[in-house]
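Chemist: Got a file for you: protein-v6.cif, mmCIF, N, CA and C atoms.
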```cif
data_input
loop_
_atom_site.label_atom_id
_atom_site.label_comp_id
_atom_site.auth_asym_id
_atom_site.auth_seq_id
_atom_site.Cartn_x
_atom_site.Cartn_y
_atom_site.Cartn_z
N GLY A 1 17.57 6.05 69.58
CA GLY A 1 16.75 5.61 70.69
C GLY A 1 16.34 6.79 71.55
N ASN A 2 16.32 6.53 72.82
CA ASN A 2 15.85 7.57 73.74
C ASN A 2 17.00 8.20 74.54
N LEU A 3 18.22 8.12 74.02
CA LEU A 3 19.37 8.72 74.70
C LEU A 3 20.02 9.78 73.82
N ALA A 4 20.43 10.87 74.45
CA ALA A 4 21.20 11.91 73.77
C ALA A 4 22.59 11.92 74.38
N TYR A 5 23.59 11.72 73.54
CA TYR A 5 24.99 11.74 73.97
C TYR A 5 25.59 13.08 73.59
N LEU A 6 25.97 13.87 74.57
CA LEU A 6 26.64 15.13 74.31
C LEU A 6 28.14 14.92 74.43
N SER A 7 28.84 15.13 73.34
CA SER A 7 30.29 14.99 73.38
C SER A 7 30.88 16.15 74.18
N GLY A 8 32.17 16.10 74.38
CA GLY A 8 32.84 17.07 75.23
C GLY A 8 32.57 18.52 74.85
N HIS A 9 32.13 19.27 75.83
CA HIS A 9 31.92 20.71 75.70
C HIS A 9 32.94 21.39 76.62
N GLY A 10 33.35 22.57 76.21
CA GLY A 10 34.26 23.36 77.04
C GLY A 10 33.63 24.69 77.42
N PRO A 11 34.34 25.45 78.26
CA PRO A 11 33.82 26.72 78.75
C PRO A 11 33.97 27.84 77.73
N LEU A 12 32.95 27.99 76.89
CA LEU A 12 32.95 28.98 75.81
C LEU A 12 32.16 30.21 76.24
N ARG A 13 32.84 31.34 76.27
CA ARG A 13 32.18 32.60 76.63
C ARG A 13 31.34 33.13 75.46
N ALA A 14 30.46 34.07 75.76
CA ALA A 14 29.58 34.66 74.73
C ALA A 14 30.38 35.34 73.63
N ASP A 15 31.58 35.83 73.94
CA ASP A 15 32.39 36.50 72.93
C ASP A 15 33.22 35.53 72.08
N GLY A 16 33.03 34.22 72.30
CA GLY A 16 33.71 33.21 71.52
C GLY A 16 35.06 32.77 72.07
N THR A 17 35.49 33.36 73.18
CA THR A 17 36.76 32.94 73.78
C THR A 17 36.51 31.82 74.78
N LEU A 18 37.56 31.07 75.05
CA LEU A 18 37.49 29.94 75.98
C LEU A 18 38.14 30.30 77.30
N ILE A 19 37.62 29.72 78.37
CA ILE A 19 38.28 29.85 79.67
C ILE A 19 39.38 28.79 79.71
N THR A 20 40.60 29.26 79.83
CA THR A 20 41.76 28.37 79.88
C THR A 20 42.44 28.50 81.23
N GLY A 21 43.23 27.50 81.57
CA GLY A 21 44.00 27.59 82.80
C GLY A 21 44.15 26.25 83.48
N TRP A 22 44.91 26.26 84.56
CA TRP A 22 45.20 25.06 85.35
C TRP A 22 44.64 25.25 86.75
N LEU A 23 43.76 24.34 87.14
CA LEU A 23 43.28 24.35 88.52
C LEU A 23 44.45 23.95 89.42
N GLY A 24 44.66 24.73 90.47
CA GLY A 24 45.77 24.47 91.37
C GLY A 24 47.00 25.28 91.02
N ALA A 25 46.99 25.94 89.87
CA ALA A 25 48.12 26.79 89.47
C ALA A 25 47.62 28.23 89.31
N ASP A 26 46.96 28.52 88.18
CA ASP A 26 46.49 29.88 87.94
C ASP A 26 44.97 30.04 88.09
N MET A 27 44.30 28.98 88.55
CA MET A 27 42.85 29.04 88.80
C MET A 27 42.55 28.40 90.14
N ASP A 28 41.58 28.99 90.87
CA ASP A 28 41.14 28.38 92.12
C ASP A 28 39.84 27.62 91.89
N VAL A 29 39.34 26.99 92.94
CA VAL A 29 38.13 26.17 92.82
C VAL A 29 36.95 26.98 92.30
N GLN A 30 36.77 28.20 92.79
CA GLN A 30 35.63 29.02 92.35
C GLN A 30 35.71 29.32 90.86
N ALA A 31 36.89 29.65 90.37
CA ALA A 31 37.05 29.92 88.94
C ALA A 31 36.75 28.66 88.12
N GLY A 32 37.17 27.50 88.61
CA GLY A 32 36.87 26.25 87.93
C GLY A 32 35.38 25.94 87.96
N TYR A 33 34.75 26.17 89.12
CA TYR A 33 33.31 25.98 89.27
C TYR A 33 32.56 26.83 88.24
N ASP A 34 32.98 28.10 88.12
CA ASP A 34 32.34 29.01 87.17
C ASP A 34 32.53 28.53 85.73
N ALA A 35 33.72 27.99 85.43
CA ALA A 35 33.98 27.45 84.08
C ALA A 35 33.11 26.24 83.82
N ALA A 36 32.92 25.38 84.82
CA ALA A 36 32.07 24.19 84.66
C ALA A 36 30.61 24.59 84.50
N ARG A 37 30.17 25.62 85.22
CA ARG A 37 28.80 26.10 85.07
C ARG A 37 28.58 26.66 83.66
N LEU A 38 29.53 27.45 83.18
CA LEU A 38 29.44 27.99 81.82
C LEU A 38 29.38 26.85 80.80
N THR A 39 30.17 25.82 81.02
CA THR A 39 30.15 24.65 80.15
C THR A 39 28.77 24.00 80.16
N GLY A 40 28.18 23.87 81.34
CA GLY A 40 26.83 23.31 81.46
C GLY A 40 25.80 24.14 80.71
N LEU A 41 25.93 25.45 80.76
CA LEU A 41 25.01 26.31 80.01
C LEU A 41 25.13 26.06 78.51
N GLY A 42 26.35 25.86 78.04
CA GLY A 42 26.55 25.52 76.63
C GLY A 42 25.93 24.19 76.27
N MET A 43 26.02 23.24 77.18
CA MET A 43 25.42 21.92 76.95
C MET A 43 23.90 22.03 76.88
N LEU A 44 23.32 22.85 77.76
CA LEU A 44 21.87 23.06 77.71
C LEU A 44 21.46 23.70 76.39
N ALA A 45 22.27 24.63 75.91
CA ALA A 45 21.97 25.27 74.62
C ALA A 45 22.02 24.24 73.48
N THR A 46 23.00 23.35 73.53
CA THR A 46 23.08 22.29 72.51
C THR A 46 21.85 21.40 72.57
N LEU A 47 21.45 20.99 73.77
CA LEU A 47 20.25 20.16 73.91
C LEU A 47 19.02 20.86 73.38
N GLU A 48 18.85 22.13 73.76
CA GLU A 48 17.67 22.86 73.33
C GLU A 48 17.64 23.03 71.81
N GLN A 49 18.80 23.32 71.23
CA GLN A 49 18.87 23.49 69.77
C GLN A 49 18.57 22.17 69.07
N THR A 50 19.07 21.08 69.60
CA THR A 50 18.90 19.77 68.97
C THR A 50 17.49 19.22 69.16
N LEU A 51 16.96 19.36 70.37
CA LEU A 51 15.66 18.76 70.71
C LEU A 51 14.48 19.69 70.47
N GLY A 52 14.75 20.98 70.36
CA GLY A 52 13.66 21.94 70.20
C GLY A 52 13.18 22.50 71.53
N SER A 53 13.37 21.75 72.61
CA SER A 53 12.93 22.19 73.93
C SER A 53 13.60 21.33 75.00
N LEU A 54 13.97 21.96 76.10
CA LEU A 54 14.52 21.20 77.22
C LEU A 54 13.44 20.35 77.91
N ASP A 55 12.18 20.62 77.60
CA ASP A 55 11.09 19.81 78.17
C ASP A 55 11.16 18.36 77.71
N ARG A 56 11.90 18.08 76.66
CA ARG A 56 12.03 16.70 76.17
C ARG A 56 13.03 15.89 76.97
N VAL A 57 13.81 16.55 77.82
CA VAL A 57 14.79 15.84 78.64
C VAL A 57 14.06 15.12 79.77
N GLY A 58 14.22 13.80 79.79
CA GLY A 58 13.62 13.01 80.87
C GLY A 58 14.47 13.04 82.13
N ARG A 59 15.78 12.82 81.94
CA ARG A 59 16.69 12.85 83.09
C ARG A 59 18.13 12.80 82.61
N LEU A 60 19.01 13.25 83.48
CA LEU A 60 20.44 13.10 83.27
C LEU A 60 20.81 11.67 83.67
N VAL A 61 21.50 10.96 82.80
CA VAL A 61 21.93 9.60 83.09
C VAL A 61 23.35 9.61 83.64
N LYS A 62 24.26 10.27 82.95
CA LYS A 62 25.69 10.22 83.31
C LYS A 62 26.38 11.50 82.92
N LEU A 63 27.25 11.97 83.79
CA LEU A 63 28.05 13.16 83.55
C LEU A 63 29.52 12.81 83.78
N LEU A 64 30.38 13.20 82.85
CA LEU A 64 31.82 13.01 83.01
C LEU A 64 32.48 14.37 82.88
N GLY A 65 33.19 14.77 83.93
CA GLY A 65 33.90 16.05 83.93
C GLY A 65 35.40 15.85 84.01
N LEU A 66 36.11 16.47 83.10
CA LEU A 66 37.57 16.45 83.08
C LEU A 66 38.06 17.83 83.50
N VAL A 67 38.99 17.85 84.43
CA VAL A 67 39.50 19.11 84.98
C VAL A 67 41.00 19.18 84.72
N ARG A 68 41.43 20.20 84.00
CA ARG A 68 42.86 20.40 83.76
C ARG A 68 43.47 20.94 85.06
N SER A 69 44.30 20.12 85.68
CA SER A 69 44.77 20.48 87.01
C SER A 69 46.19 20.00 87.27
N THR A 70 46.79 20.60 88.28
CA THR A 70 48.12 20.21 88.70
C THR A 70 48.05 18.85 89.39
N ASP A 71 49.21 18.21 89.52
CA ASP A 71 49.26 16.88 90.13
C ASP A 71 48.74 16.85 91.57
N ASP A 72 48.92 17.95 92.30
CA ASP A 72 48.51 17.95 93.71
C ASP A 72 47.11 18.52 93.94
N PHE A 73 46.41 18.91 92.87
CA PHE A 73 45.04 19.42 93.00
C PHE A 73 44.09 18.23 93.12
N ALA A 74 43.27 18.22 94.17
CA ALA A 74 42.39 17.07 94.42
C ALA A 74 40.93 17.47 94.60
N GLN A 75 40.54 18.62 94.06
CA GLN A 75 39.17 19.10 94.26
C GLN A 75 38.37 19.10 92.95
N GLN A 76 38.65 18.14 92.09
CA GLN A 76 37.92 18.05 90.83
C GLN A 76 36.40 17.96 91.03
N PRO A 77 35.91 17.18 92.02
CA PRO A 77 34.46 17.14 92.22
C PRO A 77 33.86 18.51 92.54
N ALA A 78 34.57 19.32 93.32
CA ALA A 78 34.07 20.66 93.66
C ALA A 78 34.00 21.55 92.42
N VAL A 79 34.91 21.36 91.48
CA VAL A 79 34.89 22.12 90.23
C VAL A 79 33.70 21.69 89.38
N ILE A 80 33.53 20.40 89.17
CA ILE A 80 32.45 19.89 88.31
C ILE A 80 31.07 20.14 88.92
N ASN A 81 31.01 20.41 90.23
CA ASN A 81 29.75 20.80 90.84
C ASN A 81 29.12 22.00 90.14
N GLY A 82 29.92 22.85 89.50
CA GLY A 82 29.36 23.98 88.76
C GLY A 82 28.37 23.54 87.70
N CYS A 83 28.65 22.44 87.04
CA CYS A 83 27.75 21.88 86.04
C CYS A 83 26.67 21.02 86.70
N SER A 84 27.07 20.16 87.61
CA SER A 84 26.12 19.25 88.27
C SER A 84 25.00 20.01 88.97
N GLU A 85 25.37 21.05 89.69
CA GLU A 85 24.35 21.82 90.42
C GLU A 85 23.45 22.59 89.47
N LEU A 86 23.99 23.05 88.34
CA LEU A 86 23.16 23.70 87.32
C LEU A 86 22.11 22.74 86.80
N PHE A 87 22.53 21.53 86.42
CA PHE A 87 21.57 20.55 85.90
C PHE A 87 20.53 20.18 86.95
N ARG A 88 20.94 20.06 88.21
CA ARG A 88 20.00 19.78 89.29
C ARG A 88 18.97 20.91 89.39
N ASP A 89 19.45 22.15 89.31
CA ASP A 89 18.55 23.30 89.43
C ASP A 89 17.58 23.39 88.24
N VAL A 90 18.05 23.04 87.05
CA VAL A 90 17.21 23.13 85.85
C VAL A 90 16.20 21.99 85.78
N PHE A 91 16.65 20.77 86.04
CA PHE A 91 15.80 19.59 85.84
C PHE A 91 15.22 19.01 87.14
N GLY A 92 15.65 19.49 88.29
CA GLY A 92 15.15 19.00 89.57
C GLY A 92 16.00 17.88 90.13
N GLU A 93 15.77 17.58 91.41
CA GLU A 93 16.55 16.55 92.13
C GLU A 93 16.45 15.18 91.47
N ASP A 94 15.27 14.80 91.04
CA ASP A 94 15.09 13.46 90.48
C ASP A 94 15.67 13.33 89.07
N ALA A 95 15.44 14.31 88.23
CA ALA A 95 15.85 14.20 86.83
C ALA A 95 17.21 14.83 86.55
N GLY A 96 17.67 15.73 87.40
CA GLY A 96 18.89 16.46 87.13
C GLY A 96 20.15 15.93 87.78
N VAL A 97 20.01 14.85 88.55
CA VAL A 97 21.17 14.27 89.22
C VAL A 97 21.34 12.84 88.71
N GLY A 98 22.48 12.57 88.11
CA GLY A 98 22.76 11.24 87.58
C GLY A 98 24.09 10.74 88.10
N ALA A 99 24.54 9.64 87.57
CA ALA A 99 25.88 9.14 87.90
C ALA A 99 26.89 10.17 87.41
N ARG A 100 28.02 10.28 88.14
CA ARG A 100 28.97 11.33 87.78
C ARG A 100 30.39 10.91 88.10
N SER A 101 31.30 11.32 87.23
CA SER A 101 32.72 11.17 87.48
C SER A 101 33.38 12.52 87.27
N ALA A 102 34.37 12.83 88.11
CA ALA A 102 35.17 14.05 87.98
C ALA A 102 36.63 13.63 88.05
N VAL A 103 37.35 13.88 86.97
CA VAL A 103 38.71 13.36 86.82
C VAL A 103 39.67 14.50 86.50
N GLY A 104 40.85 14.45 87.08
CA GLY A 104 41.89 15.40 86.76
C GLY A 104 42.72 14.92 85.58
N THR A 105 43.21 15.86 84.79
CA THR A 105 44.06 15.54 83.65
C THR A 105 45.09 16.65 83.48
N ASN A 106 46.18 16.34 82.83
CA ASN A 106 47.22 17.34 82.64
C ASN A 106 47.03 18.18 81.38
N ALA A 107 46.18 17.76 80.48
CA ALA A 107 45.99 18.51 79.24
C ALA A 107 44.56 18.35 78.73
N LEU A 108 44.04 19.44 78.17
CA LEU A 108 42.75 19.43 77.47
C LEU A 108 42.91 20.27 76.20
N PRO A 109 42.05 20.08 75.22
CA PRO A 109 42.17 20.83 73.96
C PRO A 109 42.21 22.34 74.19
N SER A 110 43.09 23.01 73.49
CA SER A 110 43.23 24.47 73.55
C SER A 110 43.53 25.00 74.95
N GLY A 111 43.93 24.13 75.86
CA GLY A 111 44.24 24.56 77.22
C GLY A 111 43.03 24.90 78.07
N ILE A 112 41.83 24.43 77.64
CA ILE A 112 40.62 24.74 78.41
C ILE A 112 40.72 24.16 79.82
N ALA A 113 40.04 24.82 80.76
CA ALA A 113 40.09 24.43 82.16
C ALA A 113 39.28 23.18 82.44
N VAL A 114 38.16 23.02 81.77
CA VAL A 114 37.30 21.85 81.98
C VAL A 114 36.72 21.40 80.65
N GLU A 115 36.42 20.11 80.58
CA GLU A 115 35.68 19.55 79.45
C GLU A 115 34.66 18.59 80.06
N ILE A 116 33.41 18.70 79.61
CA ILE A 116 32.34 17.90 80.21
C ILE A 116 31.52 17.25 79.10
N GLU A 117 31.18 15.97 79.32
CA GLU A 117 30.26 15.27 78.42
C GLU A 117 29.15 14.66 79.25
N ALA A 118 28.04 14.33 78.60
CA ALA A 118 26.88 13.83 79.33
C ALA A 118 26.02 12.93 78.46
N ILE A 119 25.23 12.12 79.14
CA ILE A 119 24.20 11.31 78.51
C ILE A 119 22.87 11.68 79.16
N PHE A 120 21.88 11.97 78.35
CA PHE A 120 20.54 12.31 78.83
C PHE A 120 19.53 11.33 78.26
N GLU A 121 18.55 10.98 79.07
CA GLU A 121 17.40 10.23 78.59
C GLU A 121 16.40 11.24 78.02
N ILE A 122 15.86 10.92 76.84
CA ILE A 122 14.97 11.84 76.14
C ILE A 122 13.57 11.25 76.06
N ARG A 123 12.58 12.12 76.28
CA ARG A 123 11.17 11.72 76.09
C ARG A 123 10.82 11.85 74.62
N SER A 124 9.93 10.98 74.15
CA SER A 124 9.51 11.02 72.74
C SER A 124 8.71 12.27 72.45
#
```
For the file at hand, write its structure as structure tokens.
Modeler:
Amino acid sequence: GNLAYLSGHGPLRADGTLITGWLGADMDVQAGYDAARLTGLGMLATLEQTLGSLDRVGRLVKLLGLVRSTDDFAQQPAVINGCSELFRDVFGEDAGVGARSAVGTNALPSGIAVEIEAIFEIRS
């Protein structure tokens, strides 16, 4: 149909390494924000590779961000803003802002700091 479902992406650096860590332990909000932004850039690359152009994206429908964090860390939304604000800047206020959840978890694959998935509406 007209929806693209991006499964969980993590913060993959250009050299192929992942950003790992625990928010509230060995990472602060800014480091988490940067990891979420990097994750968003990877998601944009996946969309562009799959669709041929980001111009086919109609709007962001839903974003889910998982943050590997300590029990007392409560700034998951501030971390996922790294991705949310990137999408807003790329697609604009109307198309780049969708429904969003930011959730803390005690474990993510390979110890990554964040994992993000999204649903986008696609133009034909």
Chemist: What is the atom CA of A:Ala113 to atom CA of A:Gly98 distance in Å?
Modeler: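 For atom CA of A:Ala113 relative to atom CA of A:Gly98, the distance reads 22.4 Å.
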Chemist: List, as a PyMOL selection string, every residue that the PyMOL selection byres ((chain A and resi 83) around 7) selects in the file provided.
Modeler: chain A and resi 33+35-41+79-82+84-88
Chemist: Could you give me, as a ChimeraX atom specification, each residue of chain A that DSSP assigns to alpha helix (DSSP H) when run on this structure's backbone?
Modeler: /A:29-51,76-96
Chemist: Could you give me, as a PyMOL selection string, the residues within 10 Å of A:Asp72, counting only C-alpha atoms and dropping anything in the same chain fewer than 5 positions from it?
Modeler: chain A and resi 23-25+104
Chemist: On this structure, the PyMOL selection byres (((chain A and resi 105-108 and name CA) around 9) and name CA) would catch which residues? List them as a ChimeraX atom specification, sorted by chain and number.
Modeler: /A:22,66-71,103-104,109-115
Chemist: Can you list what the PyMOL selection byres ((chain A and resi 54-58) around 6.5) grabs from this structure, as a ChimeraX atom specification?
Modeler: /A:47-48,51-53,59-60,95,120-124
Chemist: May I have the residues at most 9 Å from (27.1, 11.5, 81.0) in the file's coordinates, counting only C-alpha atoms, as a ChimeraX atom specification?
Modeler: /A:5-7,60-65,98-101,116-120
Chemist: Take the residues just selected and output them with N, CA and C atoms as a PDB file, keeping the file's coordinate frame.
Modeler:
```
ATOM      1  N   TYR A   5      23.590  11.720  73.540  1.00  0.00           N
ATOM      2  CA  TYR A   5      24.990  11.740  73.970  1.00  0.00           C
ATOM      3  C   TYR A   5      25.590  13.080  73.590  1.00  0.00           C
ATOM      4  N   LEU A   6      25.970  13.870  74.570  1.00  0.00           N
ATOM      5  CA  LEU A   6      26.640  15.130  74.310  1.00  0.00           C
ATOM      6  C   LEU A   6      28.140  14.920  74.430  1.00  0.00           C
ATOM      7  N   SER A   7      28.840  15.130  73.340  1.00  0.00           N
ATOM      8  CA  SER A   7      30.290  14.990  73.380  1.00  0.00           C
ATOM      9  C   SER A   7      30.880  16.150  74.180  1.00  0.00           C
ATOM     10  N   LEU A  60      19.010  13.250  83.480  1.00  0.00           N
ATOM     11  CA  LEU A  60      20.440  13.100  83.270  1.00  0.00           C
ATOM     12  C   LEU A  60      20.810  11.670  83.670  1.00  0.00           C
ATOM     13  N   VAL A  61      21.500  10.960  82.800  1.00  0.00           N
ATOM     14  CA  VAL A  61      21.930   9.600  83.090  1.00  0.00           C
ATOM     15  C   VAL A  61      23.350   9.610  83.640  1.00  0.00           C
ATOM     16  N   LYS A  62      24.260  10.270  82.950  1.00  0.00           N
ATOM     17  CA  LYS A  62      25.690  10.220  83.310  1.00  0.00           C
ATOM     18  C   LYS A  62      26.380  11.500  82.920  1.00  0.00           C
ATOM     19  N   LEU A  63      27.250  11.970  83.790  1.00  0.00           N
ATOM     20  CA  LEU A  63      28.050  13.160  83.550  1.00  0.00           C
ATOM     21  C   LEU A  63      29.520  12.810  83.780  1.00  0.00           C
ATOM     22  N   LEU A  64      30.380  13.200  82.850  1.00  0.00           N
ATOM     23  CA  LEU A  64      31.820  13.010  83.010  1.00  0.00           C
ATOM     24  C   LEU A  64      32.480  14.370  82.880  1.00  0.00           C
ATOM     25  N   GLY A  65      33.190  14.770  83.930  1.00  0.00           N
ATOM     26  CA  GLY A  65      33.900  16.050  83.930  1.00  0.00           C
ATOM     27  C   GLY A  65      35.400  15.850  84.010  1.00  0.00           C
ATOM     28  N   GLY A  98      22.480  12.570  88.110  1.00  0.00           N
ATOM     29  CA  GLY A  98      22.760  11.240  87.580  1.00  0.00           C
ATOM     30  C   GLY A  98      24.090  10.740  88.100  1.00  0.00           C
ATOM     31  N   ALA A  99      24.540   9.640  87.570  1.00  0.00           N
ATOM     32  CA  ALA A  99      25.880   9.140  87.900  1.00  0.00           C
ATOM     33  C   ALA A  99      26.890  10.170  87.410  1.00  0.00           C
ATOM     34  N   ARG A 100      28.020  10.280  88.140  1.00  0.00           N
ATOM     35  CA  ARG A 100      28.970  11.330  87.780  1.00  0.00           C
ATOM     36  C   ARG A 100      30.390  10.910  88.100  1.00  0.00           C
ATOM     37  N   SER A 101      31.300  11.320  87.230  1.00  0.00           N
ATOM     38  CA  SER A 101      32.720  11.170  87.480  1.00  0.00           C
ATOM     39  C   SER A 101      33.380  12.520  87.270  1.00  0.00           C
ATOM     40  N   ILE A 116      33.410  18.700  79.610  1.00  0.00           N
ATOM     41  CA  ILE A 116      32.340  17.900  80.210  1.00  0.00           C
ATOM     42  C   ILE A 116      31.520  17.250  79.100  1.00  0.00           C
ATOM     43  N   GLU A 117      31.180  15.970  79.320  1.00  0.00           N
ATOM     44  CA  GLU A 117      30.260  15.270  78.420  1.00  0.00           C
ATOM     45  C   GLU A 117      29.150  14.660  79.250  1.00  0.00           C
ATOM     46  N   ALA A 118      28.040  14.330  78.600  1.00  0.00           N
ATOM     47  CA  ALA A 118      26.880  13.830  79.330  1.00  0.00           C
ATOM     48  C   ALA A 118      26.020  12.930  78.460  1.00  0.00           C
ATOM     49  N   ILE A 119      25.230  12.120  79.140  1.00  0.00           N
ATOM     50  CA  ILE A 119      24.200  11.310  78.510  1.00  0.00           C
ATOM     51  C   ILE A 119      22.870  11.680  79.160  1.00  0.00           C
ATOM     52  N   PHE A 120      21.880  11.970  78.350  1.00  0.00           N
ATOM     53  CA  PHE A 120      20.540  12.310  78.830  1.00  0.00           C
ATOM     54  C   PHE A 120      19.530  11.330  78.260  1.00  0.00           C
TER      55      PHE A 120
END
```
Chemist: To one decimal place, how far is atom C of A:Gln49 from atom CA of A:Leu3 in Å?
Modeler: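 Between atom C of A:Gln49 and atom CA of A:Leu3 the gap works out to 14.6 Å.
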Chemist: Residues of chain A in strand (DSSP E) according to DSSP, as a count of residues only?
Modeler: 35
Chemist: Looking at A:Gly1, A:Gly8, A:Asp94, A:Val29, which one is nearest to A:Thr46, with distances taken over only C-alpha atoms?
Modeler: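 Ranking A:Gly1, A:Gly8, A:Asp94, A:Val29 by distance to A:Thr46, first place goes to A:Gly8.
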